[in-house]
>>> print(open('final31.pdb').read())   # PDB, C-alpha atoms, pLDDT in the B column
ATOM      1  CA  MET A  10     -23.942  26.696 -14.068  1.00 77.00           C
ATOM      2  CA  ASN A  11     -21.303  28.074 -11.719  1.00 81.00           C
ATOM      3  CA  VAL A  12     -17.709  27.024 -12.403  1.00 80.00           C
ATOM      4  CA  GLU A  13     -15.124  27.512  -9.689  1.00 83.00           C
ATOM      5  CA  LEU A  14     -11.414  27.025 -10.269  1.00 87.00           C
ATOM      6  CA  SER A  15      -9.473  25.078  -7.707  1.00 93.00           C
ATOM      7  CA  ILE A  16      -5.731  24.693  -7.256  1.00 94.00           C
ATOM      8  CA  ASN A  17      -4.075  21.472  -6.146  1.00 95.00           C
ATOM      9  CA  GLN A  18      -1.333  21.578  -3.527  1.00 95.00           C
ATOM     10  CA  SER A  19       0.807  19.364  -5.786  1.00 93.00           C
ATOM     11  CA  THR A  20       1.427  22.393  -8.001  1.00 90.00           C
ATOM     12  CA  ILE A  21       3.531  24.029  -5.281  1.00 87.00           C
ATOM     13  CA  MET A  22       5.058  21.102  -3.386  1.00 84.00           C
ATOM     14  CA  GLU A  23       8.005  23.117  -2.062  1.00 89.00           C
ATOM     15  CA  CYS A  24       5.952  25.168   0.378  1.00 91.00           C
ATOM     16  CA  ARG A  25       4.210  24.249   3.598  1.00 93.00           C
ATOM     17  CA  THR A  26       0.424  24.115   3.823  1.00 95.00           C
ATOM     18  CA  GLU A  27       0.338  27.450   5.654  1.00 94.00           C
ATOM     19  CA  GLN A  28       2.284  29.138   2.840  1.00 95.00           C
ATOM     20  CA  PHE A  29       0.172  27.405   0.194  1.00 96.00           C
ATOM     21  CA  LEU A  30      -3.115  28.630   1.700  1.00 96.00           C
ATOM     22  CA  THR A  31      -1.790  32.171   2.108  1.00 96.00           C
ATOM     23  CA  ALA A  32      -0.582  32.241  -1.517  1.00 95.00           C
ATOM     24  CA  CYS A  33      -3.894  30.839  -2.760  1.00 95.00           C
ATOM     25  CA  GLY A  34      -5.831  33.471  -0.851  1.00 95.00           C
ATOM     26  CA  ALA A  35      -3.624  36.235  -2.217  1.00 96.00           C
ATOM     27  CA  ALA A  36      -4.081  34.890  -5.743  1.00 95.00           C
ATOM     28  CA  GLY A  37      -7.860  34.906  -5.368  1.00 93.00           C
ATOM     29  CA  PHE A  38      -8.517  31.174  -5.213  1.00 94.00           C
ATOM     30  CA  HIS A  39     -11.550  30.180  -3.154  1.00 93.00           C
ATOM     31  CA  SER A  40     -11.163  26.427  -3.566  1.00 96.00           C
ATOM     32  CA  VAL A  41      -8.137  24.187  -2.972  1.00 96.00           C
ATOM     33  CA  GLU A  42      -7.216  20.534  -3.091  1.00 96.00           C
ATOM     34  CA  LEU A  43      -4.934  19.587  -0.216  1.00 96.00           C
ATOM     35  CA  ARG A  44      -2.524  16.659   0.017  1.00 94.00           C
ATOM     36  CA  VAL A  45      -2.794  14.394   3.054  1.00 94.00           C
ATOM     37  CA  PRO A  46       1.003  14.092   3.624  1.00 94.00           C
ATOM     38  CA  LYS A  47       1.339  17.899   3.659  1.00 93.00           C
ATOM     39  CA  LEU A  48      -1.622  18.216   6.036  1.00 92.00           C
ATOM     40  CA  LYS A  49      -0.050  15.687   8.399  1.00 93.00           C
ATOM     41  CA  GLU A  50       3.156  17.760   8.457  1.00 93.00           C
ATOM     42  CA  THR A  51       1.143  20.826   9.392  1.00 93.00           C
ATOM     43  CA  PHE A  52      -0.929  19.052  12.046  1.00 92.00           C
ATOM     44  CA  PHE A  53       2.276  17.854  13.760  1.00 92.00           C
ATOM     45  CA  SER A  54       4.163  21.155  13.580  1.00 93.00           C
ATOM     46  CA  ALA A  55       1.615  23.992  13.748  1.00 90.00           C
ATOM     47  CA  ALA A  56      -0.695  25.164  16.496  1.00 91.00           C
ATOM     48  CA  PRO A  57      -4.101  23.496  16.686  1.00 91.00           C
ATOM     49  CA  GLY A  58      -6.614  25.238  14.429  1.00 93.00           C
ATOM     50  CA  THR A  59      -3.992  26.747  12.106  1.00 93.00           C
ATOM     51  CA  VAL A  60      -5.397  25.220   8.919  1.00 94.00           C
ATOM     52  CA  GLU A  61      -8.991  26.087   9.811  1.00 95.00           C
ATOM     53  CA  GLU A  62      -8.022  29.651  10.691  1.00 95.00           C
ATOM     54  CA  LEU A  63      -6.205  30.149   7.384  1.00 95.00           C
ATOM     55  CA  LEU A  64      -9.098  28.677   5.406  1.00 96.00           C
ATOM     56  CA  ASP A  65     -11.528  31.035   7.162  1.00 96.00           C
ATOM     57  CA  ARG A  66      -9.259  34.094   6.869  1.00 96.00           C
ATOM     58  CA  HIS A  67      -8.807  33.667   3.122  1.00 95.00           C
ATOM     59  CA  GLU A  68     -12.373  32.435   2.500  1.00 95.00           C
ATOM     60  CA  ILE A  69     -11.084  29.184   0.998  1.00 96.00           C
ATOM     61  CA  ARG A  70     -12.929  25.890   0.982  1.00 95.00           C
ATOM     62  CA  VAL A  71     -11.396  22.446   0.548  1.00 95.00           C
ATOM     63  CA  ALA A  72     -12.573  20.818  -2.683  1.00 93.00           C
ATOM     64  CA  ALA A  73     -10.623  17.588  -2.220  1.00 88.00           C
TER      65      ALA A  73
END
>>> encode(input="final31.pdb", output="structure tokens")
Amino acid sequence: MNVELSINQSTIMECRTEQFLTACGAAGFHSVELRVPKLKETFFSAAPGTVEELLDRHEIRVAA
């Protein structure tokens, strides 16, 4: 059985999705749970593909 820890974006509500993904990658997380309201903020303010690029760069997958 393989157990993988995931971190929920609610734990660090003060930062933007881009900052959250970068911090998670630096901390060694490979699985995250993202919040829809925070994703919407990012989709409206960041360049297209930003979230996907950060997920790929830090080898993070979305668990929920």
>>> closest_residue(input="final31.pdb", among="A:Ala56, A:Met10, A:Ile16, A:Met22", to="Gly34 in chain A", atoms="all atoms listed in the file")
A:Ile16
>>> residues_around(input="final31.pdb", residues="Thr31 in chain A", least_positions_apart="5", cutoff="9 Å", atoms="only C-alpha atoms", output="list in words")
Thr26, Ala36, Leu63, Leu64 and His67 of chain A
>>> closest_residue(input="final31.pdb", among="A:Cys33, A:Pro46, A:His39, A:Ile69", to="Ile21 in chain A", atoms="only C-alpha atoms")
A:Cys33
>>> atom_distance(input="final31.pdb", atom1="CA of Ala32 in chain A", atom2="CA of Val71 in chain A")
14.7 Å
>>> atom_distance(input="final31.pdb", atom1="CA of Val60 in chain A", atom2="CA of Leu14 in chain A")
20.2 Å
>>> atom_distance(input="final31.pdb", atom1="CA of Val41 in chain A", atom2="CA of Ser15 in chain A")
5.0 Å
>>> closest_residue(input="final31.pdb", among="A:Thr20, A:Ser40, A:Thr59, A:Asn11", to="Ala73 in chain A", atoms="all atoms listed in the file")
A:Ser40
>>> closest_residue(input="final31.pdb", among="A:Glu61, A:Glu23, A:Ser54, A:Phe29", to="Glu42 in chain A", atoms="only C-alpha atoms")
A:Phe29
>>> closest_residue(input="final31.pdb", among="A:Phe52, A:Arg66, A:Ala72, A:Val12", to="Leu30 in chain A", atoms="only C-alpha atoms")
A:Arg66
>>> axis_aligned_box(input="final31.pdb", around="range 40-52 of chain A", padding_each_side="5 Å", output="AutoDock Vina command-line options")
--center_x -4.0 --center_y 20.3 --center_z 4.2 --size_x 24.3 --size_y 22.3 --size_z 25.6
>>> closest_residue(input="final31.pdb", among="A:Pro57, A:Arg70, A:Cys24, A:Gln18", to="Leu43 in chain A", atoms="only C-alpha atoms")
A:Gln18
>>> build_atoms(input="final31.pdb", residues="range 26-61 of chain A", atoms="N, CA and C atoms", output="PDB file, in the coordinates of the input")
ATOM      1  N   THR A  26       1.856  23.882   3.993  1.00 95.00           N
ATOM      2  CA  THR A  26       0.424  24.115   3.823  1.00 95.00           C
ATOM      3  C   THR A  26       0.050  25.546   4.183  1.00 95.00           C
ATOM      4  N   GLU A  27       0.643  26.082   5.242  1.00 94.00           N
ATOM      5  CA  GLU A  27       0.338  27.450   5.654  1.00 94.00           C
ATOM      6  C   GLU A  27       0.687  28.444   4.545  1.00 94.00           C
ATOM      7  N   GLN A  28       1.853  28.263   3.927  1.00 95.00           N
ATOM      8  CA  GLN A  28       2.284  29.138   2.840  1.00 95.00           C
ATOM      9  C   GLN A  28       1.393  28.951   1.610  1.00 95.00           C
ATOM     10  N   PHE A  29       1.025  27.706   1.335  1.00 96.00           N
ATOM     11  CA  PHE A  29       0.172  27.405   0.194  1.00 96.00           C
ATOM     12  C   PHE A  29      -1.177  28.108   0.332  1.00 96.00           C
ATOM     13  N   LEU A  30      -1.801  28.007   1.497  1.00 96.00           N
ATOM     14  CA  LEU A  30      -3.115  28.630   1.700  1.00 96.00           C
ATOM     15  C   LEU A  30      -3.035  30.152   1.623  1.00 96.00           C
ATOM     16  N   THR A  31      -1.974  30.723   2.173  1.00 96.00           N
ATOM     17  CA  THR A  31      -1.790  32.171   2.108  1.00 96.00           C
ATOM     18  C   THR A  31      -1.603  32.624   0.657  1.00 96.00           C
ATOM     19  N   ALA A  32      -0.798  31.893  -0.103  1.00 95.00           N
ATOM     20  CA  ALA A  32      -0.582  32.241  -1.517  1.00 95.00           C
ATOM     21  C   ALA A  32      -1.867  32.093  -2.326  1.00 95.00           C
ATOM     22  N   CYS A  33      -2.626  31.046  -2.044  1.00 95.00           N
ATOM     23  CA  CYS A  33      -3.894  30.839  -2.760  1.00 95.00           C
ATOM     24  C   CYS A  33      -4.883  31.960  -2.471  1.00 95.00           C
ATOM     25  N   GLY A  34      -4.949  32.367  -1.211  1.00 95.00           N
ATOM     26  CA  GLY A  34      -5.831  33.471  -0.851  1.00 95.00           C
ATOM     27  C   GLY A  34      -5.423  34.756  -1.539  1.00 95.00           C
ATOM     28  N   ALA A  35      -4.121  35.019  -1.577  1.00 96.00           N
ATOM     29  CA  ALA A  35      -3.624  36.235  -2.217  1.00 96.00           C
ATOM     30  C   ALA A  35      -3.869  36.216  -3.725  1.00 96.00           C
ATOM     31  N   ALA A  36      -3.863  35.023  -4.304  1.00 95.00           N
ATOM     32  CA  ALA A  36      -4.081  34.890  -5.743  1.00 95.00           C
ATOM     33  C   ALA A  36      -5.565  34.878  -6.110  1.00 95.00           C
ATOM     34  N   GLY A  37      -6.431  34.843  -5.097  1.00 93.00           N
ATOM     35  CA  GLY A  37      -7.860  34.906  -5.368  1.00 93.00           C
ATOM     36  C   GLY A  37      -8.566  33.567  -5.501  1.00 93.00           C
ATOM     37  N   PHE A  38      -7.870  32.484  -5.172  1.00 94.00           N
ATOM     38  CA  PHE A  38      -8.517  31.174  -5.213  1.00 94.00           C
ATOM     39  C   PHE A  38      -9.448  31.022  -4.015  1.00 94.00           C
ATOM     40  N   HIS A  39     -10.596  30.428  -4.234  1.00 93.00           N
ATOM     41  CA  HIS A  39     -11.550  30.180  -3.154  1.00 93.00           C
ATOM     42  C   HIS A  39     -11.768  28.695  -2.937  1.00 93.00           C
ATOM     43  N   SER A  40     -11.023  27.871  -3.656  1.00 96.00           N
ATOM     44  CA  SER A  40     -11.163  26.427  -3.566  1.00 96.00           C
ATOM     45  C   SER A  40      -9.791  25.791  -3.761  1.00 96.00           C
ATOM     46  N   VAL A  41      -9.429  24.858  -2.875  1.00 96.00           N
ATOM     47  CA  VAL A  41      -8.137  24.187  -2.972  1.00 96.00           C
ATOM     48  C   VAL A  41      -8.311  22.684  -2.801  1.00 96.00           C
ATOM     49  N   GLU A  42      -7.318  21.968  -3.303  1.00 96.00           N
ATOM     50  CA  GLU A  42      -7.216  20.534  -3.091  1.00 96.00           C
ATOM     51  C   GLU A  42      -5.935  20.305  -2.302  1.00 96.00           C
ATOM     52  N   LEU A  43      -6.081  19.771  -1.104  1.00 96.00           N
ATOM     53  CA  LEU A  43      -4.934  19.587  -0.216  1.00 96.00           C
ATOM     54  C   LEU A  43      -4.435  18.147  -0.259  1.00 96.00           C
ATOM     55  N   ARG A  44      -3.146  17.982  -0.024  1.00 94.00           N
ATOM     56  CA  ARG A  44      -2.524  16.659   0.017  1.00 94.00           C
ATOM     57  C   ARG A  44      -2.423  16.187   1.466  1.00 94.00           C
ATOM     58  N   VAL A  45      -2.798  14.952   1.702  1.00 94.00           N
ATOM     59  CA  VAL A  45      -2.794  14.394   3.054  1.00 94.00           C
ATOM     60  C   VAL A  45      -1.397  14.426   3.687  1.00 94.00           C
ATOM     61  N   PRO A  46      -0.322  14.034   2.987  1.00 94.00           N
ATOM     62  CA  PRO A  46       1.003  14.092   3.624  1.00 94.00           C
ATOM     63  C   PRO A  46       1.380  15.506   4.081  1.00 94.00           C
ATOM     64  N   LYS A  47       1.036  16.511   3.278  1.00 93.00           N
ATOM     65  CA  LYS A  47       1.339  17.899   3.659  1.00 93.00           C
ATOM     66  C   LYS A  47       0.491  18.327   4.852  1.00 93.00           C
ATOM     67  N   LEU A  48      -0.763  17.895   4.891  1.00 92.00           N
ATOM     68  CA  LEU A  48      -1.622  18.216   6.036  1.00 92.00           C
ATOM     69  C   LEU A  48      -1.078  17.592   7.310  1.00 92.00           C
ATOM     70  N   LYS A  49      -0.624  16.360   7.224  1.00 93.00           N
ATOM     71  CA  LYS A  49      -0.050  15.687   8.399  1.00 93.00           C
ATOM     72  C   LYS A  49       1.143  16.467   8.937  1.00 93.00           C
ATOM     73  N   GLU A  50       2.010  16.944   8.032  1.00 93.00           N
ATOM     74  CA  GLU A  50       3.156  17.760   8.457  1.00 93.00           C
ATOM     75  C   GLU A  50       2.684  18.974   9.254  1.00 93.00           C
ATOM     76  N   THR A  51       1.662  19.626   8.746  1.00 93.00           N
ATOM     77  CA  THR A  51       1.143  20.826   9.392  1.00 93.00           C
ATOM     78  C   THR A  51       0.507  20.497  10.734  1.00 93.00           C
ATOM     79  N   PHE A  52      -0.269  19.427  10.792  1.00 92.00           N
ATOM     80  CA  PHE A  52      -0.929  19.052  12.046  1.00 92.00           C
ATOM     81  C   PHE A  52       0.082  18.728  13.147  1.00 92.00           C
ATOM     82  N   PHE A  53       1.259  18.196  12.764  1.00 92.00           N
ATOM     83  CA  PHE A  53       2.276  17.854  13.760  1.00 92.00           C
ATOM     84  C   PHE A  53       3.154  19.042  14.149  1.00 92.00           C
ATOM     85  N   SER A  54       3.231  20.061  13.300  1.00 93.00           N
ATOM     86  CA  SER A  54       4.163  21.155  13.580  1.00 93.00           C
ATOM     87  C   SER A  54       3.502  22.491  13.920  1.00 93.00           C
ATOM     88  N   ALA A  55       2.277  22.696  13.533  1.00 90.00           N
ATOM     89  CA  ALA A  55       1.615  23.992  13.748  1.00 90.00           C
ATOM     90  C   ALA A  55       0.667  23.928  14.934  1.00 90.00           C
ATOM     91  N   ALA A  56       0.257  25.083  15.388  1.00 91.00           N
ATOM     92  CA  ALA A  56      -0.695  25.164  16.496  1.00 91.00           C
ATOM     93  C   ALA A  56      -2.044  24.591  16.071  1.00 91.00           C
ATOM     94  N   PRO A  57      -2.772  24.013  17.015  1.00 91.00           N
ATOM     95  CA  PRO A  57      -4.101  23.496  16.686  1.00 91.00           C
ATOM     96  C   PRO A  57      -4.981  24.605  16.088  1.00 91.00           C
ATOM     97  N   GLY A  58      -5.720  24.269  15.052  1.00 93.00           N
ATOM     98  CA  GLY A  58      -6.614  25.238  14.429  1.00 93.00           C
ATOM     99  C   GLY A  58      -5.986  26.097  13.349  1.00 93.00           C
ATOM    100  N   THR A  59      -4.688  25.917  13.090  1.00 93.00           N
ATOM    101  CA  THR A  59      -3.992  26.747  12.106  1.00 93.00           C
ATOM    102  C   THR A  59      -4.619  26.639  10.722  1.00 93.00           C
ATOM    103  N   VAL A  60      -4.847  25.414  10.262  1.00 94.00           N
ATOM    104  CA  VAL A  60      -5.397  25.220   8.919  1.00 94.00           C
ATOM    105  C   VAL A  60      -6.791  25.821   8.827  1.00 94.00           C
ATOM    106  N   GLU A  61      -7.631  25.548   9.819  1.00 95.00           N
ATOM    107  CA  GLU A  61      -8.991  26.087   9.811  1.00 95.00           C
ATOM    108  C   GLU A  61      -8.989  27.610   9.820  1.00 95.00           C
TER     109      GLU A  61
END
